[in-house]
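**Student:** Below is the file input.cif, with mmCIF, N, CA and C atoms and all ligand atoms.
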```cif
data_input
#
loop_
_atom_site.label_atom_id
_atom_site.label_comp_id
_atom_site.auth_asym_id
_atom_site.auth_seq_id
_atom_site.Cartn_x
_atom_site.Cartn_y
_atom_site.Cartn_z
N MET A 1 -96.39 1.50 102.40
CA MET A 1 -95.29 2.32 101.89
C MET A 1 -93.97 1.86 102.51
N ASP A 2 -92.94 1.80 101.72
CA ASP A 2 -91.61 1.49 102.23
C ASP A 2 -91.23 2.53 103.28
N SER A 3 -90.63 2.09 104.40
CA SER A 3 -90.34 3.04 105.47
C SER A 3 -89.29 4.08 105.03
N LYS A 4 -88.49 3.75 104.00
CA LYS A 4 -87.48 4.71 103.55
C LYS A 4 -88.06 5.70 102.54
N GLU A 5 -89.27 5.41 102.02
CA GLU A 5 -89.87 6.31 101.05
C GLU A 5 -90.33 7.57 101.77
N LYS A 6 -90.14 8.70 101.08
CA LYS A 6 -90.48 9.95 101.75
C LYS A 6 -91.97 10.22 101.62
N SER A 7 -92.58 10.62 102.74
CA SER A 7 -94.01 10.88 102.74
C SER A 7 -94.30 12.29 102.23
N THR A 8 -95.47 12.47 101.59
CA THR A 8 -95.86 13.79 101.10
C THR A 8 -96.90 14.43 102.02
N GLU A 9 -97.25 13.75 103.11
CA GLU A 9 -98.38 14.23 103.90
C GLU A 9 -98.12 15.53 104.65
N ASP A 10 -96.84 15.90 104.84
CA ASP A 10 -96.53 17.15 105.56
C ASP A 10 -96.43 18.36 104.64
N ILE A 11 -96.62 18.16 103.33
CA ILE A 11 -96.50 19.29 102.39
C ILE A 11 -97.66 20.28 102.58
N VAL A 12 -97.31 21.57 102.74
CA VAL A 12 -98.36 22.58 102.89
C VAL A 12 -98.43 23.50 101.66
N ALA A 13 -97.38 23.51 100.84
CA ALA A 13 -97.41 24.28 99.60
C ALA A 13 -96.38 23.67 98.66
N ALA A 14 -96.73 23.58 97.38
CA ALA A 14 -95.81 22.97 96.43
C ALA A 14 -95.82 23.77 95.13
N PHE A 15 -94.65 23.87 94.50
CA PHE A 15 -94.51 24.64 93.27
C PHE A 15 -93.84 23.78 92.21
N GLY A 16 -94.26 23.97 90.96
CA GLY A 16 -93.68 23.18 89.89
C GLY A 16 -93.28 24.05 88.71
N TYR A 17 -92.30 23.59 87.95
CA TYR A 17 -91.92 24.23 86.69
C TYR A 17 -92.31 23.26 85.59
N TYR A 18 -93.19 23.72 84.70
CA TYR A 18 -93.72 22.84 83.65
C TYR A 18 -93.23 23.30 82.28
N LEU A 19 -92.92 22.33 81.45
CA LEU A 19 -92.52 22.60 80.07
C LEU A 19 -93.35 21.68 79.18
N ASP A 20 -94.13 22.26 78.30
CA ASP A 20 -95.03 21.49 77.44
C ASP A 20 -95.87 20.51 78.26
N GLY A 21 -96.33 20.98 79.41
CA GLY A 21 -97.22 20.16 80.24
C GLY A 21 -96.50 19.12 81.09
N ARG A 22 -95.19 19.07 81.00
CA ARG A 22 -94.43 18.09 81.80
C ARG A 22 -93.78 18.75 83.00
N LEU A 23 -93.89 18.11 84.15
CA LEU A 23 -93.27 18.65 85.35
C LEU A 23 -91.75 18.47 85.25
N MET A 24 -91.02 19.60 85.25
CA MET A 24 -89.55 19.55 85.08
C MET A 24 -88.81 20.01 86.33
N GLY A 25 -89.55 20.53 87.30
CA GLY A 25 -88.88 20.98 88.52
C GLY A 25 -89.89 21.13 89.64
N SER A 26 -89.39 21.00 90.88
CA SER A 26 -90.30 21.12 92.01
C SER A 26 -89.59 21.69 93.23
N ALA A 27 -90.39 22.25 94.13
CA ALA A 27 -89.91 22.67 95.45
C ALA A 27 -91.16 22.78 96.32
N ALA A 28 -91.02 22.40 97.59
CA ALA A 28 -92.21 22.41 98.45
C ALA A 28 -91.86 22.87 99.86
N LEU A 29 -92.90 23.34 100.54
CA LEU A 29 -92.77 23.72 101.94
C LEU A 29 -93.49 22.66 102.77
N GLU A 30 -92.80 22.15 103.76
CA GLU A 30 -93.41 21.14 104.65
C GLU A 30 -93.53 21.68 106.06
N TYR A 31 -94.53 21.21 106.78
CA TYR A 31 -94.70 21.56 108.18
C TYR A 31 -94.59 20.28 108.99
N GLU A 32 -93.60 20.26 109.86
CA GLU A 32 -93.30 19.03 110.58
C GLU A 32 -92.86 19.39 111.99
N ASP A 33 -93.45 18.77 112.99
CA ASP A 33 -93.07 19.00 114.40
C ASP A 33 -93.00 20.49 114.73
N GLY A 34 -93.99 21.25 114.27
CA GLY A 34 -94.06 22.67 114.63
C GLY A 34 -93.12 23.57 113.86
N GLN A 35 -92.46 23.06 112.81
CA GLN A 35 -91.51 23.86 112.03
C GLN A 35 -91.79 23.70 110.54
N HIS A 36 -91.46 24.72 109.76
CA HIS A 36 -91.57 24.63 108.31
C HIS A 36 -90.20 24.31 107.71
N PHE A 37 -90.18 23.51 106.66
CA PHE A 37 -88.93 23.12 105.99
C PHE A 37 -89.09 23.17 104.48
N LEU A 38 -87.98 23.50 103.83
CA LEU A 38 -87.93 23.43 102.37
C LEU A 38 -87.59 21.98 101.99
N GLU A 39 -88.39 21.40 101.12
CA GLU A 39 -88.18 20.00 100.73
C GLU A 39 -88.50 19.82 99.25
N TRP A 40 -88.23 18.65 98.74
CA TRP A 40 -88.61 18.24 97.38
C TRP A 40 -88.02 19.15 96.30
N VAL A 41 -86.81 19.62 96.50
CA VAL A 41 -86.17 20.48 95.50
C VAL A 41 -85.47 19.59 94.47
N ALA A 42 -85.93 19.66 93.25
CA ALA A 42 -85.31 18.87 92.18
C ALA A 42 -85.65 19.50 90.84
N VAL A 43 -84.68 19.49 89.95
CA VAL A 43 -84.87 20.02 88.60
C VAL A 43 -84.39 18.96 87.62
N ASP A 44 -85.17 18.72 86.59
CA ASP A 44 -84.80 17.73 85.58
C ASP A 44 -83.44 18.09 84.97
N SER A 45 -82.61 17.08 84.75
CA SER A 45 -81.24 17.34 84.29
C SER A 45 -81.19 18.10 82.96
N SER A 46 -82.26 17.99 82.15
CA SER A 46 -82.26 18.66 80.85
C SER A 46 -82.42 20.18 80.95
N VAL A 47 -82.86 20.67 82.11
CA VAL A 47 -83.07 22.13 82.23
C VAL A 47 -82.31 22.72 83.43
N ARG A 48 -81.30 22.02 83.91
CA ARG A 48 -80.53 22.55 85.04
C ARG A 48 -79.63 23.71 84.62
N MET A 49 -79.18 24.46 85.62
CA MET A 49 -78.25 25.59 85.45
C MET A 49 -78.87 26.73 84.62
N ARG A 50 -80.19 26.86 84.67
CA ARG A 50 -80.86 27.96 83.97
C ARG A 50 -81.70 28.79 84.94
N GLY A 51 -81.48 28.61 86.23
CA GLY A 51 -82.20 29.42 87.22
C GLY A 51 -83.52 28.84 87.68
N VAL A 52 -83.87 27.65 87.21
CA VAL A 52 -85.18 27.06 87.58
C VAL A 52 -85.21 26.76 89.09
N GLY A 53 -84.16 26.12 89.58
CA GLY A 53 -84.10 25.80 91.01
C GLY A 53 -84.16 27.06 91.86
N THR A 54 -83.43 28.07 91.46
CA THR A 54 -83.43 29.35 92.18
C THR A 54 -84.84 29.92 92.27
N SER A 55 -85.55 29.93 91.14
CA SER A 55 -86.90 30.51 91.10
C SER A 55 -87.87 29.71 91.97
N LEU A 56 -87.75 28.38 91.93
CA LEU A 56 -88.67 27.55 92.71
C LEU A 56 -88.44 27.75 94.21
N VAL A 57 -87.16 27.82 94.61
CA VAL A 57 -86.87 28.03 96.04
C VAL A 57 -87.36 29.43 96.46
N ALA A 58 -87.24 30.42 95.57
CA ALA A 58 -87.72 31.77 95.90
C ALA A 58 -89.24 31.77 96.15
N LEU A 59 -89.97 30.94 95.41
CA LEU A 59 -91.42 30.85 95.64
C LEU A 59 -91.72 30.25 97.01
N VAL A 60 -90.93 29.25 97.40
CA VAL A 60 -91.12 28.64 98.73
C VAL A 60 -90.76 29.67 99.81
N GLU A 61 -89.72 30.45 99.58
CA GLU A 61 -89.34 31.49 100.55
C GLU A 61 -90.50 32.49 100.71
N ASP A 62 -91.11 32.91 99.60
CA ASP A 62 -92.23 33.86 99.66
C ASP A 62 -93.37 33.27 100.49
N GLU A 63 -93.66 32.00 100.23
CA GLU A 63 -94.75 31.33 100.95
C GLU A 63 -94.44 31.26 102.45
N ALA A 64 -93.20 30.91 102.77
CA ALA A 64 -92.79 30.79 104.17
C ALA A 64 -92.88 32.16 104.86
N ARG A 65 -92.44 33.21 104.16
CA ARG A 65 -92.49 34.56 104.72
C ARG A 65 -93.95 34.96 104.95
N ALA A 66 -94.81 34.63 104.01
CA ALA A 66 -96.24 34.96 104.15
C ALA A 66 -96.85 34.23 105.35
N ARG A 67 -96.26 33.12 105.73
CA ARG A 67 -96.75 32.37 106.90
C ARG A 67 -96.08 32.84 108.19
N GLY A 68 -95.31 33.91 108.10
CA GLY A 68 -94.72 34.50 109.30
C GLY A 68 -93.38 33.91 109.71
N MET A 69 -92.80 33.07 108.86
CA MET A 69 -91.50 32.50 109.22
C MET A 69 -90.39 33.50 108.99
N THR A 70 -89.34 33.41 109.80
CA THR A 70 -88.20 34.31 109.64
C THR A 70 -86.98 33.59 109.08
N GLU A 71 -86.99 32.26 109.18
CA GLU A 71 -85.87 31.50 108.59
C GLU A 71 -86.41 30.22 107.95
N LEU A 72 -85.65 29.74 106.99
CA LEU A 72 -86.05 28.54 106.26
C LEU A 72 -84.92 27.51 106.34
N TRP A 73 -85.29 26.29 106.74
CA TRP A 73 -84.31 25.22 106.93
C TRP A 73 -84.48 24.17 105.85
N ALA A 74 -83.38 23.49 105.53
CA ALA A 74 -83.47 22.37 104.60
C ALA A 74 -82.34 21.39 104.87
N LYS A 75 -82.60 20.15 104.51
CA LYS A 75 -81.52 19.15 104.48
C LYS A 75 -81.10 19.09 103.02
N ALA A 76 -79.86 19.50 102.76
CA ALA A 76 -79.45 19.72 101.37
C ALA A 76 -78.58 18.58 100.84
N ARG A 77 -78.93 18.10 99.68
CA ARG A 77 -78.06 17.13 98.98
C ARG A 77 -76.97 17.86 98.21
N ALA A 78 -77.26 19.10 97.84
CA ALA A 78 -76.29 19.88 97.05
C ALA A 78 -76.05 21.21 97.79
N PRO A 79 -75.30 21.18 98.91
CA PRO A 79 -75.13 22.40 99.71
C PRO A 79 -74.61 23.60 98.92
N GLU A 80 -73.79 23.37 97.89
CA GLU A 80 -73.24 24.50 97.12
C GLU A 80 -74.32 25.26 96.37
N PHE A 81 -75.33 24.55 95.91
CA PHE A 81 -76.47 25.22 95.27
C PHE A 81 -77.11 26.17 96.27
N TYR A 82 -77.36 25.66 97.49
CA TYR A 82 -78.02 26.50 98.51
C TYR A 82 -77.14 27.67 98.91
N ARG A 83 -75.85 27.41 99.02
CA ARG A 83 -74.93 28.50 99.39
C ARG A 83 -75.01 29.62 98.35
N SER A 84 -75.11 29.23 97.08
CA SER A 84 -75.12 30.25 96.02
C SER A 84 -76.41 31.06 96.00
N ILE A 85 -77.46 30.56 96.69
CA ILE A 85 -78.71 31.34 96.73
C ILE A 85 -78.98 31.88 98.13
N GLY A 86 -77.91 32.04 98.91
CA GLY A 86 -78.04 32.79 100.16
C GLY A 86 -78.23 31.98 101.43
N PHE A 87 -78.19 30.66 101.34
CA PHE A 87 -78.31 29.84 102.54
C PHE A 87 -76.94 29.72 103.21
N ARG A 88 -76.95 29.46 104.50
CA ARG A 88 -75.72 29.21 105.26
C ARG A 88 -75.67 27.72 105.58
N VAL A 89 -74.50 27.13 105.39
CA VAL A 89 -74.34 25.71 105.68
C VAL A 89 -73.91 25.57 107.15
N LEU A 90 -74.65 24.79 107.92
CA LEU A 90 -74.32 24.63 109.34
C LEU A 90 -73.01 23.88 109.52
N GLY A 91 -72.24 24.30 110.52
CA GLY A 91 -71.01 23.59 110.86
C GLY A 91 -71.35 22.26 111.53
N GLU A 92 -70.35 21.38 111.59
CA GLU A 92 -70.58 20.03 112.14
C GLU A 92 -71.15 20.05 113.55
N LYS A 93 -70.72 21.02 114.36
CA LYS A 93 -71.13 21.02 115.77
C LYS A 93 -72.38 21.85 116.03
N GLU A 94 -72.87 22.54 114.98
CA GLU A 94 -74.07 23.36 115.16
C GLU A 94 -75.31 22.48 115.13
N LYS A 95 -76.29 22.86 115.95
CA LYS A 95 -77.53 22.09 115.98
C LYS A 95 -78.66 22.87 115.31
N GLY A 96 -79.44 22.18 114.50
CA GLY A 96 -80.60 22.79 113.88
C GLY A 96 -81.81 21.90 114.13
N PRO A 97 -82.98 22.29 113.60
CA PRO A 97 -84.17 21.47 113.80
C PRO A 97 -84.15 20.17 112.99
N LYS A 98 -83.20 20.04 112.07
CA LYS A 98 -83.06 18.79 111.29
C LYS A 98 -81.67 18.24 111.56
N THR A 99 -81.52 16.94 111.42
CA THR A 99 -80.19 16.34 111.55
C THR A 99 -79.94 15.47 110.33
N LEU A 100 -78.72 14.98 110.22
CA LEU A 100 -78.38 14.08 109.11
C LEU A 100 -78.48 12.62 109.56
N ASP A 101 -79.10 12.38 110.74
CA ASP A 101 -79.18 11.02 111.27
C ASP A 101 -79.76 10.03 110.26
N GLY A 102 -80.80 10.48 109.53
CA GLY A 102 -81.44 9.58 108.56
C GLY A 102 -80.54 9.20 107.39
N CYS A 103 -79.46 9.94 107.21
CA CYS A 103 -78.57 9.68 106.07
C CYS A 103 -77.57 8.56 106.38
N ILE A 104 -77.32 8.38 107.67
CA ILE A 104 -76.30 7.40 108.05
C ILE A 104 -76.85 6.01 107.72
N GLY A 105 -76.04 5.24 107.02
CA GLY A 105 -76.53 3.93 106.58
C GLY A 105 -76.98 3.94 105.14
N CYS A 106 -77.23 5.16 104.61
CA CYS A 106 -77.61 5.25 103.19
C CYS A 106 -76.36 4.95 102.35
N PRO A 107 -76.45 4.11 101.32
CA PRO A 107 -75.28 3.78 100.52
C PRO A 107 -74.64 4.98 99.81
N GLU A 108 -75.43 6.04 99.62
CA GLU A 108 -74.90 7.24 98.93
C GLU A 108 -74.13 8.16 99.88
N PHE A 109 -74.36 7.99 101.21
CA PHE A 109 -73.86 8.96 102.20
C PHE A 109 -72.34 9.10 102.14
N ASN A 110 -71.89 10.33 101.88
CA ASN A 110 -70.47 10.68 101.79
C ASN A 110 -69.71 9.87 100.72
N LYS A 111 -70.47 9.33 99.76
CA LYS A 111 -69.85 8.69 98.58
C LYS A 111 -70.28 9.49 97.35
N SER A 112 -71.58 9.46 97.05
CA SER A 112 -72.06 10.28 95.94
C SER A 112 -72.92 11.44 96.45
N CYS A 113 -73.26 11.43 97.73
CA CYS A 113 -74.07 12.50 98.31
C CYS A 113 -73.38 13.02 99.57
N TYR A 114 -73.20 14.34 99.62
CA TYR A 114 -72.51 14.97 100.77
C TYR A 114 -73.49 15.97 101.38
N PRO A 115 -74.46 15.45 102.13
CA PRO A 115 -75.54 16.34 102.59
C PRO A 115 -75.10 17.28 103.71
N ALA A 116 -75.91 18.32 103.90
CA ALA A 116 -75.66 19.28 104.98
C ALA A 116 -77.00 19.91 105.35
N ILE A 117 -77.03 20.43 106.58
CA ILE A 117 -78.22 21.20 106.99
C ILE A 117 -77.93 22.66 106.64
N VAL A 118 -78.91 23.31 106.01
CA VAL A 118 -78.72 24.70 105.59
C VAL A 118 -79.87 25.55 106.11
N VAL A 119 -79.59 26.84 106.27
CA VAL A 119 -80.61 27.76 106.78
C VAL A 119 -80.45 29.12 106.12
N LYS A 120 -81.58 29.79 105.92
CA LYS A 120 -81.54 31.14 105.33
C LYS A 120 -82.45 32.07 106.13
N ASP A 121 -81.94 33.26 106.40
CA ASP A 121 -82.74 34.31 107.01
C ASP A 121 -83.63 34.88 105.91
N ILE A 122 -84.94 34.75 106.05
CA ILE A 122 -85.83 35.17 104.95
C ILE A 122 -86.65 36.40 105.32
N ARG A 123 -86.22 37.12 106.37
CA ARG A 123 -87.02 38.30 106.78
C ARG A 123 -87.09 39.33 105.66
N GLU A 124 -85.98 39.49 104.94
CA GLU A 124 -85.95 40.42 103.81
C GLU A 124 -86.01 39.63 102.52
N LYS A 125 -86.83 40.07 101.56
CA LYS A 125 -86.85 39.41 100.26
C LYS A 125 -85.58 39.80 99.51
N THR A 126 -84.80 38.82 99.07
CA THR A 126 -83.54 39.14 98.41
C THR A 126 -83.58 38.92 96.90
N ARG A 127 -84.57 38.18 96.41
CA ARG A 127 -84.61 37.94 94.97
C ARG A 127 -86.00 38.21 94.47
C1 LIG B 1 -79.57 21.22 92.82
C2 LIG B 1 -80.61 21.57 91.74
C3 LIG B 1 -82.01 21.65 92.35
C4 LIG B 1 -80.24 22.97 91.15
O1 LIG B 1 -81.22 23.37 90.22
P1 LIG B 1 -80.86 24.34 88.99
O2 LIG B 1 -82.11 24.77 88.35
O3 LIG B 1 -79.86 23.67 88.11
O4 LIG B 1 -80.14 25.53 89.76
P2 LIG B 1 -79.94 27.05 89.25
O5 LIG B 1 -79.78 27.06 87.77
O6 LIG B 1 -81.02 27.88 89.82
O7 LIG B 1 -78.54 27.37 89.93
C5 LIG B 1 -78.34 28.41 90.86
C6 LIG B 1 -76.91 28.43 91.28
O8 LIG B 1 -76.57 27.20 91.95
C7 LIG B 1 -75.43 26.61 91.34
N1 LIG B 1 -75.67 25.16 91.31
C8 LIG B 1 -76.70 24.53 90.74
N2 LIG B 1 -76.61 23.20 90.96
C9 LIG B 1 -75.49 23.00 91.69
C10 LIG B 1 -74.88 21.83 92.23
N3 LIG B 1 -75.40 20.60 92.05
N4 LIG B 1 -73.74 21.99 92.94
C11 LIG B 1 -73.22 23.24 93.12
N5 LIG B 1 -73.77 24.38 92.62
C12 LIG B 1 -74.90 24.26 91.92
C13 LIG B 1 -75.38 27.18 89.93
O9 LIG B 1 -74.08 27.18 89.45
C14 LIG B 1 -75.93 28.58 90.13
O10 LIG B 1 -74.89 29.42 90.60
P3 LIG B 1 -74.63 30.86 89.90
O11 LIG B 1 -75.91 31.62 90.10
O12 LIG B 1 -73.48 31.38 90.67
O13 LIG B 1 -74.37 30.55 88.47
C15 LIG B 1 -80.57 20.55 90.57
O14 LIG B 1 -79.24 20.46 90.10
C16 LIG B 1 -81.04 19.16 90.96
O15 LIG B 1 -82.23 18.87 90.93
N6 LIG B 1 -80.11 18.27 91.31
C17 LIG B 1 -80.44 16.89 91.65
C18 LIG B 1 -81.27 16.74 92.88
C19 LIG B 1 -80.65 17.46 94.04
O16 LIG B 1 -79.46 17.36 94.29
N7 LIG B 1 -81.50 18.22 94.73
C20 LIG B 1 -81.04 19.00 95.85
C21 LIG B 1 -82.11 19.09 96.78
S1 LIG B 1 -81.50 19.01 98.42
#
```
Show the structure stored in the file as structure tokens.

**Tutor:**
Amino acid sequence: MDSKEKSTEDIVAAFGYYLDGRLMGSAALEYEDGQHFLEWVAVDSSVRMRGVGTSLVALVEDEARARGMTELWAKARAPEFYRSIGFRVLGEKEKGPKTLDGCIGCPEFNKSCYPAIVVKDIREKTR
């Protein structure tokens, strides 16, 4: 496997949105270094802006809550999407369990992709 390719081995739960048998959206919960993370969030461009991403992330939140987690972390490619569904975007000097170190050197970094670390308090179900 290419070292830059993302591994699926840490996935503990995964959710999909299917249309006519085709996978059109995904979101997954990963367990890595003793922490759970929201990963693999993507929605096909033909069905975006219809709440699919919101629903998939809500399923991951439910799963994380059922596993006893109180907060959910993610490395976000689209921080505004996460902000609109209740996540907080970490400030530059704040430290979280994930960093953007892996993004440095990526040709997309701060050109077409403006990533951020985001976190949500999931103790209360909000959606
Ligand atoms: C980001 C993504 C998952 C959103 O999925 P979606 O199904 O279109 O999102 P929803 O329809 O549930 O949108 C929920 C809210 O987020 C906002 N939103 C969605 N995509 C956004 C984006 N790229 N930038 C800013 N806001 C966005 C919507 O306007 C909506 O806000 P509203 O409720 O105030 O109207 C999807 O655009 C995508 O797959 N993008 C490409 C891959 C990517 O960037 N993934 C991010 C993972 S880190």

**Student:** Neighbouring residues of Trp40 of chain A were defined as those with any atom within 8 Å, considering all atoms listed in the file; residues of the same chain fewer than 3 positions away were excluded. Please report them as a list in words.

**Tutor:**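 After dropping sequence-adjacent residues, the list is Gly25, Ser26, Ala27, Ala28, Leu29, Glu30, Phe37 and Val43 of chain A.
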
**Student:** As a PyMOL selection string, please: every protein or nucleic acid residue near ligand LIG 1 (chain B) (cut-off 6 Å, counting only C-alpha atoms and all ligand atoms).

**Tutor:** chain A and resi 41-43+48-54+76-78+80-81+84

**Student:** For segment 111-121 of chain A, I'd like the enclosing box, axis-aligned and padded by 3 Å on every side, reported as lines of an AutoDock Vina configuration file with centre and edge lengths in Å to one decimal.

**Tutor:**
```
center_x = -76.7
center_y = 21.8
center_z = 101.5
size_x = 19.8
size_y = 32.2
size_z = 17.1
```

**Student:** Atom C of Val47 of chain A to atom CA of Asp62 of chain A: how many Å, to one decimal?

**Tutor:** 22.0 Å

**Student:** So that I can check the surroundings of segment 89-96 of chain A, please list as a list in words every protein, DNA and RNA residue that reaches within 6.5 Å of it, counting all atoms listed in the file and ignoring chain neighbours fewer than 5 positions away.

**Tutor:** Arg83, Ala116, Ile117, Val118 and Val119 of chain A

**Student:** Could you name the residues that touch Ile104 of chain A at 12 Å or less, counting only C-alpha atoms, but leaving out those on the same chain fewer than 5 positions away, as number ranges by chain?

**Tutor:** A: 99, 109-111, 113-115

**Student:** Quick one: distance from atom CA of Ile11 of chain A to atom CA of Ile122 of chain A in Å, one decimal?

**Tutor:**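 Answer for the atom CA of Ile11 of chain A to atom CA of Ile122 of chain A separation: 19.3 Å.
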
**Student:** Quick one, how far is atom CA of Lys75 of chain A from atom CA of Lys98 of chain A?

**Tutor:**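 Atom-to-atom, atom CA of Lys75 of chain A and atom CA of Lys98 of chain A are spaced 7.0 Å apart.
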
**Student:** Of the candidates A:Arg123, A:Phe87, A:Ala66, A:Glu39, which shows the shortest atom-to-atom distance to Phe15 of chain A, using only C-alpha atoms?

**Tutor:** A:Glu39

**Student:** Using DSSP on the backbone, list every residue of chain A that comes out as strand (DSSP E), and give them as number ranges by chain.

**Tutor:** A: 11-19, 22-32, 35-43, 71-76, 88-89, 116-121

**Student:** Generate the coordinates of N, CA, C and O atoms for segment 28-40 of chain A; report them as a PDB file, in the frame of the given file.

**Tutor:**
```pdb
ATOM      1  N   ALA A  28     -91.020  22.400  97.590  1.00  0.00           N
ATOM      2  CA  ALA A  28     -92.210  22.410  98.450  1.00  0.00           C
ATOM      3  C   ALA A  28     -91.860  22.870  99.860  1.00  0.00           C
ATOM      4  O   ALA A  28     -90.707  22.805 100.289  1.00  0.00           O
ATOM      5  N   LEU A  29     -92.900  23.340 100.540  1.00  0.00           N
ATOM      6  CA  LEU A  29     -92.770  23.720 101.940  1.00  0.00           C
ATOM      7  C   LEU A  29     -93.490  22.660 102.770  1.00  0.00           C
ATOM      8  O   LEU A  29     -94.649  22.319 102.475  1.00  0.00           O
ATOM      9  N   GLU A  30     -92.800  22.150 103.760  1.00  0.00           N
ATOM     10  CA  GLU A  30     -93.410  21.140 104.650  1.00  0.00           C
ATOM     11  C   GLU A  30     -93.530  21.680 106.060  1.00  0.00           C
ATOM     12  O   GLU A  30     -92.696  22.488 106.480  1.00  0.00           O
ATOM     13  N   TYR A  31     -94.530  21.210 106.780  1.00  0.00           N
ATOM     14  CA  TYR A  31     -94.700  21.560 108.180  1.00  0.00           C
ATOM     15  C   TYR A  31     -94.590  20.280 108.990  1.00  0.00           C
ATOM     16  O   TYR A  31     -95.351  19.337 108.775  1.00  0.00           O
ATOM     17  N   GLU A  32     -93.600  20.260 109.860  1.00  0.00           N
ATOM     18  CA  GLU A  32     -93.300  19.030 110.580  1.00  0.00           C
ATOM     19  C   GLU A  32     -92.860  19.390 111.990  1.00  0.00           C
ATOM     20  O   GLU A  32     -91.985  20.243 112.163  1.00  0.00           O
ATOM     21  N   ASP A  33     -93.450  18.770 112.990  1.00  0.00           N
ATOM     22  CA  ASP A  33     -93.070  19.000 114.400  1.00  0.00           C
ATOM     23  C   ASP A  33     -93.000  20.490 114.730  1.00  0.00           C
ATOM     24  O   ASP A  33     -92.035  20.956 115.363  1.00  0.00           O
ATOM     25  N   GLY A  34     -93.990  21.250 114.270  1.00  0.00           N
ATOM     26  CA  GLY A  34     -94.060  22.670 114.630  1.00  0.00           C
ATOM     27  C   GLY A  34     -93.120  23.570 113.860  1.00  0.00           C
ATOM     28  O   GLY A  34     -92.961  24.744 114.192  1.00  0.00           O
ATOM     29  N   GLN A  35     -92.460  23.060 112.810  1.00  0.00           N
ATOM     30  CA  GLN A  35     -91.510  23.860 112.030  1.00  0.00           C
ATOM     31  C   GLN A  35     -91.790  23.700 110.540  1.00  0.00           C
ATOM     32  O   GLN A  35     -92.276  22.649 110.123  1.00  0.00           O
ATOM     33  N   HIS A  36     -91.460  24.720 109.760  1.00  0.00           N
ATOM     34  CA  HIS A  36     -91.570  24.630 108.310  1.00  0.00           C
ATOM     35  C   HIS A  36     -90.200  24.310 107.710  1.00  0.00           C
ATOM     36  O   HIS A  36     -89.182  24.813 108.184  1.00  0.00           O
ATOM     37  N   PHE A  37     -90.180  23.510 106.660  1.00  0.00           N
ATOM     38  CA  PHE A  37     -88.930  23.120 105.990  1.00  0.00           C
ATOM     39  C   PHE A  37     -89.090  23.170 104.480  1.00  0.00           C
ATOM     40  O   PHE A  37     -90.173  22.878 103.947  1.00  0.00           O
ATOM     41  N   LEU A  38     -87.980  23.500 103.830  1.00  0.00           N
ATOM     42  CA  LEU A  38     -87.930  23.430 102.370  1.00  0.00           C
ATOM     43  C   LEU A  38     -87.590  21.980 101.990  1.00  0.00           C
ATOM     44  O   LEU A  38     -86.621  21.417 102.506  1.00  0.00           O
ATOM     45  N   GLU A  39     -88.390  21.400 101.120  1.00  0.00           N
ATOM     46  CA  GLU A  39     -88.180  20.000 100.730  1.00  0.00           C
ATOM     47  C   GLU A  39     -88.500  19.820  99.250  1.00  0.00           C
ATOM     48  O   GLU A  39     -88.985  20.730  98.607  1.00  0.00           O
ATOM     49  N   TRP A  40     -88.230  18.650  98.740  1.00  0.00           N
ATOM     50  CA  TRP A  40     -88.610  18.240  97.380  1.00  0.00           C
ATOM     51  C   TRP A  40     -88.020  19.150  96.300  1.00  0.00           C
ATOM     52  O   TRP A  40     -88.674  19.460  95.304  1.00  0.00           O
TER      53      TRP A  40
END
```
